[in-house]
file data-v8.pdb (PDB, C-alpha atoms)
MODEL        1
ATOM      1  CA  MET A1117     134.304 141.079 119.600
ATOM      2  CA  ALA A1118     137.585 140.035 121.096
ATOM      3  CA  PHE A1119     139.841 137.356 119.722
ATOM      4  CA  ASN A1120     142.358 135.447 121.780
ATOM      5  CA  ILE A1121     145.282 134.969 119.444
ATOM      6  CA  PRO A1122     148.462 133.527 120.936
ATOM      7  CA  LYS A1123     151.324 135.936 120.613
ATOM      8  CA  GLU A1124     153.478 133.664 118.466
ATOM      9  CA  LYS A1125     150.640 133.256 115.911
ATOM     10  CA  ALA A1126     149.627 136.900 115.729
ATOM     11  CA  VAL A1127     150.495 138.711 112.506
ATOM     12  CA  PRO A1128     152.607 141.753 113.323
ATOM     13  CA  LEU A1129     151.445 145.245 112.382
ATOM     14  CA  GLY A1130     152.071 146.031 108.735
ATOM     15  CA  CYS A1131     151.126 142.456 107.834
ATOM     16  CA  ILE A1132     154.651 141.095 107.629
ATOM     17  CA  THR A1133     154.378 137.346 107.302
ATOM     18  CA  PRO A1134     157.345 135.011 107.533
ATOM     19  CA  ALA A1135     158.663 133.627 104.240
ATOM     20  CA  PRO A1136     157.844 129.967 103.564
ATOM     21  CA  VAL A1137     160.709 127.714 104.562
ATOM     22  CA  THR A1138     159.374 124.343 103.399
ATOM     23  CA  GLU A1139     157.669 123.026 100.255
ATOM     24  CA  GLN A1140     153.903 122.626 100.101
ATOM     25  CA  PRO A1141     153.254 119.076  98.872
ATOM     26  CA  MET A1142     149.483 119.664  98.562
ATOM     27  CA  MET A1143     149.890 122.242  95.808
ATOM     28  CA  ILE A1144     152.428 120.932  93.307
ATOM     29  CA  THR A1145     152.158 123.139  90.238
ATOM     30  CA  GLY A1146     154.975 121.738  88.083
ATOM     31  CA  ASN A1147     152.474 120.219  85.647
ATOM     32  CA  TRP A1148     151.230 123.662  84.600
ATOM     33  CA  ARG A1149     154.470 124.127  82.703
ATOM     34  CA  GLU A1150     154.727 124.054  78.902
ATOM     35  CA  TYR A1151     158.134 125.706  78.668
ATOM     36  CA  ARG A1152     160.913 125.694  81.228
ATOM     37  CA  PRO A1153     163.775 128.089  81.945
ATOM     38  CA  VAL A1154     167.232 126.664  81.320
ATOM     39  CA  ILE A1155     170.214 128.315  82.979
ATOM     40  CA  ASP A1156     173.662 128.752  81.493
ATOM     41  CA  HIS A1157     175.914 128.963  84.571
ATOM     42  CA  GLU A1158     178.765 130.410  82.486
ATOM     43  CA  LYS A1159     176.739 133.549  81.733
ATOM     44  CA  CYS A1160     175.110 133.896  85.168
ATOM     45  CA  ASN A1161     176.595 136.653  87.322
ATOM     46  CA  LEU A1162     174.356 135.921  90.347
ATOM     47  CA  CYS A1163     172.405 139.184  90.075
ATOM     48  CA  MET A1164     169.503 137.427  91.863
ATOM     49  CA  ASN A1165     166.854 138.847  89.539
ATOM     50  CA  CYS A1166     165.335 135.405  89.043
ATOM     51  CA  VAL A1167     165.296 134.728  92.785
ATOM     52  CA  VAL A1168     163.545 138.034  93.460
ATOM     53  CA  TYR A1169     161.057 137.977  90.587
ATOM     54  CA  CYS A1170     159.937 134.326  90.712
ATOM     55  CA  PRO A1171     156.359 134.354  92.060
ATOM     56  CA  ASP A1172     156.719 130.834  93.441
ATOM     57  CA  ALA A1173     160.249 131.062  94.843
ATOM     58  CA  CYS A1174     161.445 128.399  92.418
ATOM     59  CA  TRP A1175     164.894 129.966  92.082
ATOM     60  CA  GLN A1176     167.018 129.698  95.225
ATOM     61  CA  LEU A1177     170.659 130.529  95.819
ATOM     62  CA  ASN A1178     172.789 127.563  96.723
ATOM     63  CA  GLN A1179     175.462 129.271  98.784
ATOM     64  CA  ALA A1180     177.740 126.256  98.961
ATOM     65  CA  GLU A1181     177.937 125.876  95.173
ATOM     66  CA  ASP A1182     177.569 129.627  94.514
ATOM     67  CA  GLU A1183     174.850 129.185  91.912
ATOM     68  CA  VAL A1184     171.084 129.549  91.610
ATOM     69  CA  VAL A1185     169.063 126.324  91.646
ATOM     70  CA  TRP A1186     165.757 125.756  89.858
ATOM     71  CA  ASN A1187     162.863 123.926  91.527
ATOM     72  CA  TRP A1188     161.100 121.967  88.745
ATOM     73  CA  LYS A1189     158.433 120.690  91.110
ATOM     74  CA  TYR A1190     156.725 124.053  91.488
ATOM     75  CA  CYS A1191     157.802 126.064  88.422
ATOM     76  CA  LYS A1192     154.696 126.938  86.382
ATOM     77  CA  GLY A1193     156.692 128.090  83.373
ATOM     78  CA  CYS A1194     155.578 131.712  83.551
ATOM     79  CA  MET A1195     158.929 132.808  82.041
ATOM     80  CA  ILE A1196     159.191 135.915  84.208
ATOM     81  CA  CYS A1197     162.742 134.879  85.137
ATOM     82  CA  VAL A1198     163.699 134.605  81.462
ATOM     83  CA  ASN A1199     162.420 138.134  80.858
ATOM     84  CA  GLU A1200     164.132 139.563  83.928
ATOM     85  CA  CYS A1201     167.519 137.869  83.523
ATOM     86  CA  SER A1202     170.116 140.620  83.189
ATOM     87  CA  THR A1203     172.777 138.576  81.410
ATOM     88  CA  SER A1204     170.467 136.396  79.260
ATOM     89  CA  ALA A1205     171.760 133.337  81.007
ATOM     90  CA  LEU A1206     168.219 131.960  81.102
ATOM     91  CA  SER A1207     166.517 130.636  77.988
ATOM     92  CA  LYS A1208     163.156 129.093  77.223
ATOM     93  CA  ALA A1209     162.968 125.416  76.241
ATOM     94  CA  TYR A1210     160.043 123.119  75.370
ATOM     95  CA  GLU A1211     159.191 120.692  78.151
ATOM     96  CA  LEU A1212     159.028 117.550  75.982
ATOM     97  CA  ASP A1213     162.718 117.967  75.112
ATOM     98  CA  PHE A1214     163.601 116.833  78.634
ATOM     99  CA  GLU A1215     163.261 113.427  80.213
ATOM    100  CA  ASP A1216     163.281 114.818  83.759
ATOM    101  CA  GLY A1217     160.908 117.178  85.490
ATOM    102  CA  VAL A1218     158.008 114.711  85.482
ATOM    103  CA  VAL A1219     155.330 115.574  88.044
ATOM    104  CA  ARG A1220     152.798 112.855  87.378
ATOM    105  CA  LEU A1221     149.828 113.509  89.638
ATOM    106  CA  GLU A1222     146.777 111.263  89.774
ATOM    107  CA  LYS A1223     144.377 114.221  89.825
ATOM    108  CA  PRO A1224     144.928 117.886  89.053
ATOM    109  CA  PHE A1225     144.078 118.759  92.659
TER     110      PHE A1225
ATOM    111  CA  MET B1282     124.494  98.901  79.659
ATOM    112  CA  ALA B1283     127.650 100.555  80.840
ATOM    113  CA  SER B1284     129.750  98.616  78.375
ATOM    114  CA  LYS B1285     127.903 100.156  75.456
ATOM    115  CA  MET B1286     128.538 103.677  76.673
ATOM    116  CA  LYS B1287     131.792 105.148  75.404
ATOM    117  CA  GLN B1288     133.477 107.702  77.643
ATOM    118  CA  ILE B1289     135.762 110.354  76.159
ATOM    119  CA  THR B1290     137.949 112.461  78.430
ATOM    120  CA  ILE B1291     139.634 115.581  77.105
ATOM    121  CA  TRP B1292     142.648 117.116  78.861
ATOM    122  CA  ALA B1293     143.320 120.783  78.099
ATOM    123  CA  ARG B1294     145.086 123.778  79.616
ATOM    124  CA  GLY B1295     143.089 126.173  81.753
ATOM    125  CA  VAL B1296     141.869 129.457  80.228
ATOM    126  CA  VAL B1297     144.098 129.253  77.123
ATOM    127  CA  GLN B1298     142.461 126.050  75.899
ATOM    128  CA  ASP B1299     139.205 126.182  77.834
ATOM    129  CA  LYS B1300     137.088 126.979  74.789
ATOM    130  CA  GLU B1301     138.983 124.579  72.514
ATOM    131  CA  GLY B1302     138.612 121.705  74.962
ATOM    132  CA  ARG B1303     134.912 122.385  75.331
ATOM    133  CA  ASP B1304     134.545 122.455  71.553
ATOM    134  CA  VAL B1305     136.049 118.966  71.229
ATOM    135  CA  ALA B1306     133.675 117.571  73.869
ATOM    136  CA  ASN B1307     130.638 119.372  72.470
ATOM    137  CA  GLY B1308     131.579 118.717  68.849
ATOM    138  CA  ILE B1309     131.909 114.949  69.213
ATOM    139  CA  ALA B1310     128.684 114.809  71.227
ATOM    140  CA  ILE B1311     126.640 116.921  68.792
ATOM    141  CA  ALA B1312     127.983 114.999  65.790
ATOM    142  CA  ALA B1313     127.146 111.656  67.416
ATOM    143  CA  LYS B1314     123.695 112.934  68.328
ATOM    144  CA  SER B1315     123.053 113.843  64.696
ATOM    145  CA  GLU B1316     123.864 110.196  63.859
ATOM    146  CA  GLY B1317     121.141 109.048  66.227
ATOM    147  CA  LYS B1318     123.235 108.236  69.302
ATOM    148  CA  PHE B1319     122.547 109.274  72.876
ATOM    149  CA  THR B1320     125.183 111.711  74.115
ATOM    150  CA  GLN B1321     126.343 113.884  76.994
ATOM    151  CA  ALA B1322     129.053 116.540  77.128
ATOM    152  CA  PHE B1323     130.113 118.554  80.149
ATOM    153  CA  ASP B1324     133.019 120.302  81.848
ATOM    154  CA  ASN B1325     134.733 119.231  85.025
ATOM    155  CA  TYR B1326     134.097 121.574  87.878
ATOM    156  CA  VAL B1327     136.865 120.238  90.140
ATOM    157  CA  ASP B1328     139.873 121.253  88.080
ATOM    158  CA  LEU B1329     139.730 125.008  88.735
ATOM    159  CA  PRO B1330     139.448 125.956  85.069
ATOM    160  CA  ASP B1331     139.918 129.634  85.745
ATOM    161  CA  ARG B1332     143.690 129.412  86.221
ATOM    162  CA  VAL B1333     146.005 129.822  83.259
ATOM    163  CA  ASN B1334     147.679 126.580  82.121
ATOM    164  CA  VAL B1335     146.231 124.342  84.842
ATOM    165  CA  PRO B1336     145.403 120.851  83.439
ATOM    166  CA  LEU B1337     141.639 120.469  83.251
ATOM    167  CA  ARG B1338     139.168 117.910  81.961
ATOM    168  CA  LYS B1339     136.185 117.969  79.648
ATOM    169  CA  TYR B1340     133.971 114.948  79.220
ATOM    170  CA  ALA B1341     131.803 113.437  76.515
ATOM    171  CA  ARG B1342     129.755 110.248  76.501
ATOM    172  CA  ILE B1343     128.339 108.416  73.518
ATOM    173  CA  SER B1344     125.914 105.524  73.791
ATOM    174  CA  ASP B1345     123.638 103.477  71.547
ATOM    175  CA  THR B1346     121.019 103.311  74.267
ATOM    176  CA  GLU B1347     119.787 105.978  76.624
ATOM    177  CA  ILE B1348     122.467 107.045  79.137
ATOM    178  CA  GLU B1349     121.265 106.286  82.642
ATOM    179  CA  THR B1350     124.199 107.807  84.540
ATOM    180  CA  ALA B1351     122.918 111.343  84.270
ATOM    181  CA  TYR B1352     124.326 112.545  87.570
ATOM    182  CA  GLU B1353     127.831 111.073  87.412
ATOM    183  CA  TYR B1354     129.915 114.037  86.504
ATOM    184  CA  GLU B1355     133.261 112.297  85.964
ATOM    185  CA  ASN B1356     134.321 109.675  83.444
ATOM    186  CA  GLU B1357     135.587 106.830  85.602
ATOM    187  CA  GLN B1358     136.626 104.542  82.735
ATOM    188  CA  PRO B1359     137.481 106.584  79.663
ATOM    189  CA  GLU B1360     137.842 104.654  76.424
ATOM    190  CA  VAL B1361     139.275 107.576  74.476
ATOM    191  CA  VAL B1362     141.576 110.209  75.999
ATOM    192  CA  VAL B1363     142.331 113.410  74.097
ATOM    193  CA  VAL B1364     145.329 115.510  75.164
ATOM    194  CA  MET B1365     145.103 119.022  73.728
ATOM    195  CA  ASP B1366     148.580 120.024  74.887
ATOM    196  CA  ALA B1367     151.278 117.361  74.680
ATOM    197  CA  THR B1368     153.172 118.527  77.792
ATOM    198  CA  ILE B1369     150.242 117.356  79.953
ATOM    199  CA  VAL B1370     151.531 113.763  79.553
ATOM    200  CA  LYS B1371     154.392 114.665  81.900
ATOM    201  CA  GLY B1372     152.133 116.183  84.512
ATOM    202  CA  ILE B1373     149.136 113.900  84.938
ATOM    203  CA  ASN B1374     148.350 110.190  84.833
ATOM    204  CA  ILE B1375     146.129 110.769  81.811
ATOM    205  CA  LEU B1376     145.144 107.094  81.411
ATOM    206  CA  ARG B1377     143.701 106.811  84.925
ATOM    207  CA  GLY B1378     140.736 104.431  84.931
ATOM    208  CA  MET B1379     141.248 103.298  81.340
ATOM    209  CA  GLN B1380     140.593  99.634  80.558
ATOM    210  CA  LYS B1381     142.908  97.742  78.232
ATOM    211  CA  GLY B1382     142.519  98.677  74.571
ATOM    212  CA  GLY B1383     141.958 102.406  74.789
ATOM    213  CA  THR B1384     142.850 105.163  72.363
ATOM    214  CA  LEU B1385     144.961 108.247  73.015
ATOM    215  CA  VAL B1386     144.755 111.327  70.786
ATOM    216  CA  VAL B1387     147.555 113.867  71.303
ATOM    217  CA  ALA B1388     147.826 117.288  69.677
ATOM    218  CA  THR B1389     151.533 117.437  68.944
ATOM    219  CA  ASP B1390     153.951 117.770  66.061
ATOM    220  CA  ARG B1391     156.137 115.030  67.537
ATOM    221  CA  LYS B1392     156.146 111.342  66.673
ATOM    222  CA  PRO B1393     153.976 108.865  68.636
ATOM    223  CA  GLU B1394     157.146 107.251  70.077
ATOM    224  CA  ASP B1395     158.233 110.565  71.606
ATOM    225  CA  ILE B1396     154.920 110.819  73.447
ATOM    226  CA  LEU B1397     154.773 107.143  74.477
ATOM    227  CA  LYS B1398     158.075 107.297  76.369
ATOM    228  CA  PHE B1399     156.427 109.664  78.849
ATOM    229  CA  ILE B1400     153.492 107.308  79.514
ATOM    230  CA  PRO B1401     154.419 104.571  82.016
ATOM    231  CA  ASN B1402     151.105 102.694  81.685
ATOM    232  CA  LYS B1403     151.102 102.663  77.885
ATOM    233  CA  ASP B1404     150.240  98.945  77.740
ATOM    234  CA  LEU B1405     146.623 100.016  78.276
ATOM    235  CA  LEU B1406     146.611 101.643  74.860
ATOM    236  CA  SER B1407     145.745  99.911  71.622
ATOM    237  CA  LYS B1408     146.108 103.000  69.453
ATOM    238  CA  ILE B1409     147.770 106.394  69.597
ATOM    239  CA  VAL B1410     146.908 109.265  67.270
ATOM    240  CA  CYS B1411     149.177 112.308  66.900
ATOM    241  CA  VAL B1412     147.934 115.391  65.078
ATOM    242  CA  PRO B1413     149.949 118.623  64.615
ATOM    243  CA  ALA B1414     146.922 120.762  65.441
ATOM    244  CA  LYS B1415     148.798 123.955  66.272
ATOM    245  CA  ALA B1416     150.761 123.769  63.021
ATOM    246  CA  ILE B1417     147.547 123.294  61.006
ATOM    247  CA  VAL B1418     145.474 126.066  62.567
ATOM    248  CA  GLY B1419     148.099 128.329  64.100
ATOM    249  CA  HIS B1420     145.883 129.893  66.754
ATOM    250  CA  GLN B1421     143.749 129.009  69.725
ATOM    251  CA  THR B1422     140.442 130.619  70.562
ATOM    252  CA  VAL B1423     140.658 132.105  74.026
ATOM    253  CA  ASP B1424     137.066 132.810  74.911
ATOM    254  CA  PHE B1425     134.608 132.101  77.672
ATOM    255  CA  SER B1426     131.449 131.959  75.596
ATOM    256  CA  GLY B1427     129.651 128.682  76.000
ATOM    257  CA  SER B1428     131.074 128.022  79.444
ATOM    258  CA  GLU B1429     128.811 127.003  82.330
ATOM    259  CA  GLY B1430     125.661 126.992  80.263
ATOM    260  CA  GLY B1431     126.267 130.320  78.551
ATOM    261  CA  ILE B1432     125.475 130.972  74.907
ATOM    262  CA  ASP B1433     128.324 130.147  72.537
ATOM    263  CA  ALA B1434     128.707 133.371  70.553
ATOM    264  CA  VAL B1435     132.034 132.441  68.932
ATOM    265  CA  GLY B1436     130.952 129.201  67.338
ATOM    266  CA  LEU B1437     132.161 125.638  67.602
ATOM    267  CA  GLY B1438     135.600 124.624  66.374
ATOM    268  CA  GLN B1439     137.347 127.772  65.184
ATOM    269  CA  GLY B1440     140.833 126.982  66.475
ATOM    270  CA  ILE B1441     142.829 123.815  67.075
ATOM    271  CA  SER B1442     139.737 121.890  68.210
ATOM    272  CA  SER B1443     138.567 121.328  64.645
ATOM    273  CA  ALA B1444     141.871 119.708  63.667
ATOM    274  CA  ILE B1445     141.713 117.504  66.758
ATOM    275  CA  LEU B1446     138.108 116.533  65.964
ATOM    276  CA  GLY B1447     139.236 115.461  62.494
ATOM    277  CA  ALA B1448     141.982 113.290  63.987
ATOM    278  CA  LEU B1449     139.528 111.904  66.554
ATOM    279  CA  ALA B1450     137.092 110.878  63.833
ATOM    280  CA  LYS B1451     139.883 109.234  61.829
ATOM    281  CA  GLY B1452     141.540 107.477  64.757
ATOM    282  CA  THR B1453     138.517 106.221  66.661
ATOM    283  CA  GLY B1454     135.684 106.087  64.146
ATOM    284  CA  LEU B1455     133.238 107.204  66.833
ATOM    285  CA  VAL B1456     131.587 109.657  64.448
ATOM    286  CA  LYS B1457     131.656 110.259  60.711
ATOM    287  CA  ILE B1458     133.686 113.219  59.512
ATOM    288  CA  GLU B1459     130.698 114.417  57.437
ATOM    289  CA  SER B1460     128.574 114.903  60.529
ATOM    290  CA  LEU B1461     131.444 116.868  62.113
ATOM    291  CA  ALA B1462     131.784 119.023  59.007
ATOM    292  CA  ALA B1463     128.134 119.996  59.355
ATOM    293  CA  ILE B1464     128.719 121.646  62.751
ATOM    294  CA  VAL B1465     132.377 122.758  62.814
ATOM    295  CA  LYS B1466     133.179 126.289  61.653
ATOM    296  CA  ASN B1467     136.755 125.726  60.487
ATOM    297  CA  LYS B1468     136.043 122.918  58.008
ATOM    298  CA  GLU B1469     139.418 123.258  56.275
ATOM    299  CA  ALA B1470     141.251 122.473  59.515
ATOM    300  CA  LEU B1471     138.905 119.564  60.197
ATOM    301  CA  PHE B1472     139.817 117.783  56.966
ATOM    302  CA  LYS B1473     143.478 118.794  57.224
ATOM    303  CA  GLY B1474     143.641 117.383  60.764
ATOM    304  CA  SER B1475     142.074 114.156  59.577
ATOM    305  CA  GLU B1476     144.643 113.898  56.786
ATOM    306  CA  ALA B1477     147.654 114.842  58.890
ATOM    307  CA  ALA B1478     146.834 112.590  61.844
ATOM    308  CA  VAL B1479     149.403 109.844  62.429
ATOM    309  CA  VAL B1480     147.634 106.721  63.663
ATOM    310  CA  LYS B1481     149.832 104.083  65.270
ATOM    311  CA  THR B1482     148.405 100.751  66.401
ATOM    312  CA  LEU B1483     150.261  99.278  69.367
TER     313      LEU B1483
ENDMDL
END

call {"tool": "encode", "arguments": {"input": "data-v8.pdb", "output": "structure tokens"}}
result
Amino acid sequence: MAFNIPKEKAVPLGCITPAPVTEQPMMITGNWREYRPVIDHEKCNLCMNCVVYCPDACWQLNQAEDEVVWNWKYCKGCMICVNECSTSALSKAYELDFEDGVVRLEKPF
Amino acid sequence: MASKMKQITIWARGVVQDKEGRDVANGIAIAAKSEGKFTQAFDNYVDLPDRVNVPLRKYARISDTEIETAYEYENEQPEVVVVMDATIVKGINILRGMQKGGTLVVATDRKPEDILKFIPNKDLLSKIVCVPAKAIVGHQTVDFSGSEGGIDAVGLGQGISSAILGALAKGTGLVKIESLAAIVKNKEALFKGSEAAVVKTL
């Protein structure tokens, strides 16, 4: 069976897929979070461990400000970044201590 | 007919509170049935309950007359909403479909005011009940027995669900605490939860 896949949509050999460049508004997962990571910018040495290890790409480097930025909309609170932080700049904090970070969906999905 | 039927929606976290949430729904339904009411209790199939920490729903219905809506598998107008993990109030419109004068039961060690500031449509509530369930019991049962029609090998109400059931009985008066004590395994937590529950009328 032959498939006619346009060249620009074909996945290259080795299954390299392009990294997502935009947010996916259909799958907001911020309400899975019980605890959130809190960054102390004084301690952070920009080792990029959190950016690399985050399964949902919720840590991104802001090159203009020279600091990593947290995306509360999609962070599930898995705390991998807190475990991987090399300078213990990240700490775990209970979600109800914060007024912000509200993702109030009508239905779970 | 529909006005007599009381709908109870339980919000819990996926996998980690799956069994506990089911125990609250089943426990209130079995206890009400033993008092001669007509009841239903079931899980929601839409919420993808097999993902850790995803907010999911469990439902119970209690009625004085026979329940005719046997094939409606969602509670459209819940009278009582139980939140097993307090952080869910930031993530979901938990009072969706509630008519004025409902009750909210939250498992938290915080004060009712701290929870209410996260609920924009709190004027629907007539009562809020806060119970420090995790502090009373200290553990949650993570188990899949009893799910999707399976046999419940662990038993009903071993973890935080028994404390929440005690608070639910105290706050809403839907069932007597004696009929809950007859079915719940962790009876100590049931009575402790009933004692420790903070009921605030709004």

call {"tool": "interface_residues", "arguments": {"input": "data-v8.pdb", "of": "chain B", "to": "chain A", "cutoff": "7 Å", "atoms": "only C-alpha atoms", "output": "list in words"}}
result
Asp1328, Asn1334, Val1335, Pro1336, Thr1368, Ile1369, Lys1371, Gly1372, Ile1373 and Asn1374 of chain B

call {"tool": "residues_around", "arguments": {"input": "data-v8.pdb", "residues": "A:Ala1173", "least_positions_apart": "6", "cutoff": "9 Å", "atoms": "only C-alpha atoms", "output": "list in words"}}
result
Cys1166, Val1167, Asn1187, Tyr1190 and Cys1191 of chain A

call {"tool": "atom_distance", "arguments": {"input": "data-v8.pdb", "atom1": "atom CA of B:Val1386", "atom2": "atom CA of A:Met1142"}}
result
29.4 Å

call {"tool": "residues_around", "arguments": {"input": "data-v8.pdb", "residues": "B:Gln1380", "least_positions_apart": "6", "cutoff": "9 Å", "atoms": "all atoms listed in the file", "output": "PyMOL selection string"}}
result
chain B and resi 1358-1360+1405-1406

call {"tool": "resolve_selection", "arguments": {"input": "data-v8.pdb", "expression": "the PyMOL selection byres ((chain A and resi 1197) around 7)", "output": "NGL selection string"}}
result
:A and (1166 or 1169-1170 or 1195-1196 or 1198-1201)

call {"tool": "atom_distance", "arguments": {"input": "data-v8.pdb", "atom1": "atom CA of B:Lys1300", "atom2": "atom CA of B:Ser1344"}}
result
24.2 Å

call {"tool": "residues_around", "arguments": {"input": "data-v8.pdb", "residues": "B:Thr1453", "least_positions_apart": "2", "cutoff": "9 Å", "atoms": "all atoms listed in the file", "output": "list in words"}}
result
Val1361, Thr1384, Lys1408, Val1410, Ala1448, Leu1449, Ala1450, Lys1451, Leu1455 and Val1456 of chain B

call {"tool": "closest_residue", "arguments": {"input": "data-v8.pdb", "among": "A:Met1143, A:Ala1118, A:Gly1130, A:Leu1162", "to": "A:Gln1179", "atoms": "all atoms listed in the file"}}
result
A:Leu1162

call {"tool": "residues_around", "arguments": {"input": "data-v8.pdb", "residues": "B:Glu1301", "least_positions_apart": "2", "cutoff": "9 Å", "atoms": "only C-alpha atoms", "output": "number ranges by chain"}}
result
B: 1293, 1297-1299, 1303-1306, 1365, 1421-1424, 1437-1443

call {"tool": "atom_distance", "arguments": {"input": "data-v8.pdb", "atom1": "atom CA of A:Val1154", "atom2": "atom CA of A:Asp1172"}}
result
16.6 Å

call {"tool": "build_atoms", "arguments": {"input": "data-v8.pdb", "residues": "stretch 1300-1319 of chain B", "atoms": "N, CA and C atoms", "output": "compact mmCIF listing (two decimals), in the coordinates of the input"}}
result
# COMPACT_ATOMS: atom_id res chain seq x y z
N LYS B 1300 138.09 127.00 75.87
CA LYS B 1300 137.09 126.98 74.79
C LYS B 1300 137.36 125.85 73.80
N GLU B 1301 138.63 125.62 73.48
CA GLU B 1301 138.98 124.58 72.51
C GLU B 1301 138.63 123.20 73.06
N GLY B 1302 138.93 122.99 74.35
CA GLY B 1302 138.61 121.70 74.96
C GLY B 1302 137.12 121.46 74.99
N ARG B 1303 136.37 122.51 75.30
CA ARG B 1303 134.91 122.38 75.33
C ARG B 1303 134.37 122.09 73.94
N ASP B 1304 135.00 122.68 72.93
CA ASP B 1304 134.54 122.46 71.55
C ASP B 1304 134.75 121.01 71.12
N VAL B 1305 135.84 120.37 71.58
CA VAL B 1305 136.05 118.97 71.23
C VAL B 1305 134.98 118.10 71.88
N ALA B 1306 134.69 118.36 73.17
CA ALA B 1306 133.68 117.57 73.87
C ALA B 1306 132.30 117.79 73.26
N ASN B 1307 131.95 119.06 73.03
CA ASN B 1307 130.64 119.37 72.47
C ASN B 1307 130.54 118.89 71.03
N GLY B 1308 131.61 119.08 70.26
CA GLY B 1308 131.58 118.72 68.85
C GLY B 1308 131.34 117.24 68.63
N ILE B 1309 132.06 116.40 69.40
CA ILE B 1309 131.91 114.95 69.21
C ILE B 1309 130.52 114.51 69.67
N ALA B 1310 130.00 115.18 70.72
CA ALA B 1310 128.68 114.81 71.23
C ALA B 1310 127.58 115.23 70.26
N ILE B 1311 127.69 116.44 69.72
CA ILE B 1311 126.64 116.92 68.79
C ILE B 1311 126.66 116.11 67.51
N ALA B 1312 127.88 115.79 67.03
CA ALA B 1312 127.98 115.00 65.79
C ALA B 1312 127.40 113.61 65.99
N ALA B 1313 127.68 113.00 67.15
CA ALA B 1313 127.15 111.66 67.42
C ALA B 1313 125.63 111.70 67.57
N LYS B 1314 125.14 112.79 68.15
CA LYS B 1314 123.70 112.93 68.33
C LYS B 1314 123.00 113.03 66.97
N SER B 1315 123.65 113.72 66.02
CA SER B 1315 123.05 113.84 64.70
C SER B 1315 123.06 112.50 63.96
N GLU B 1316 123.87 111.54 64.44
CA GLU B 1316 123.86 110.20 63.86
C GLU B 1316 122.92 109.27 64.62
N GLY B 1317 122.14 109.84 65.53
CA GLY B 1317 121.14 109.05 66.23
C GLY B 1317 121.61 108.39 67.51
N LYS B 1318 122.76 108.80 68.04
CA LYS B 1318 123.24 108.24 69.30
C LYS B 1318 122.72 109.07 70.47
N PHE B 1319 122.85 108.52 71.66
CA PHE B 1319 122.55 109.27 72.88
C PHE B 1319 123.86 109.82 73.42
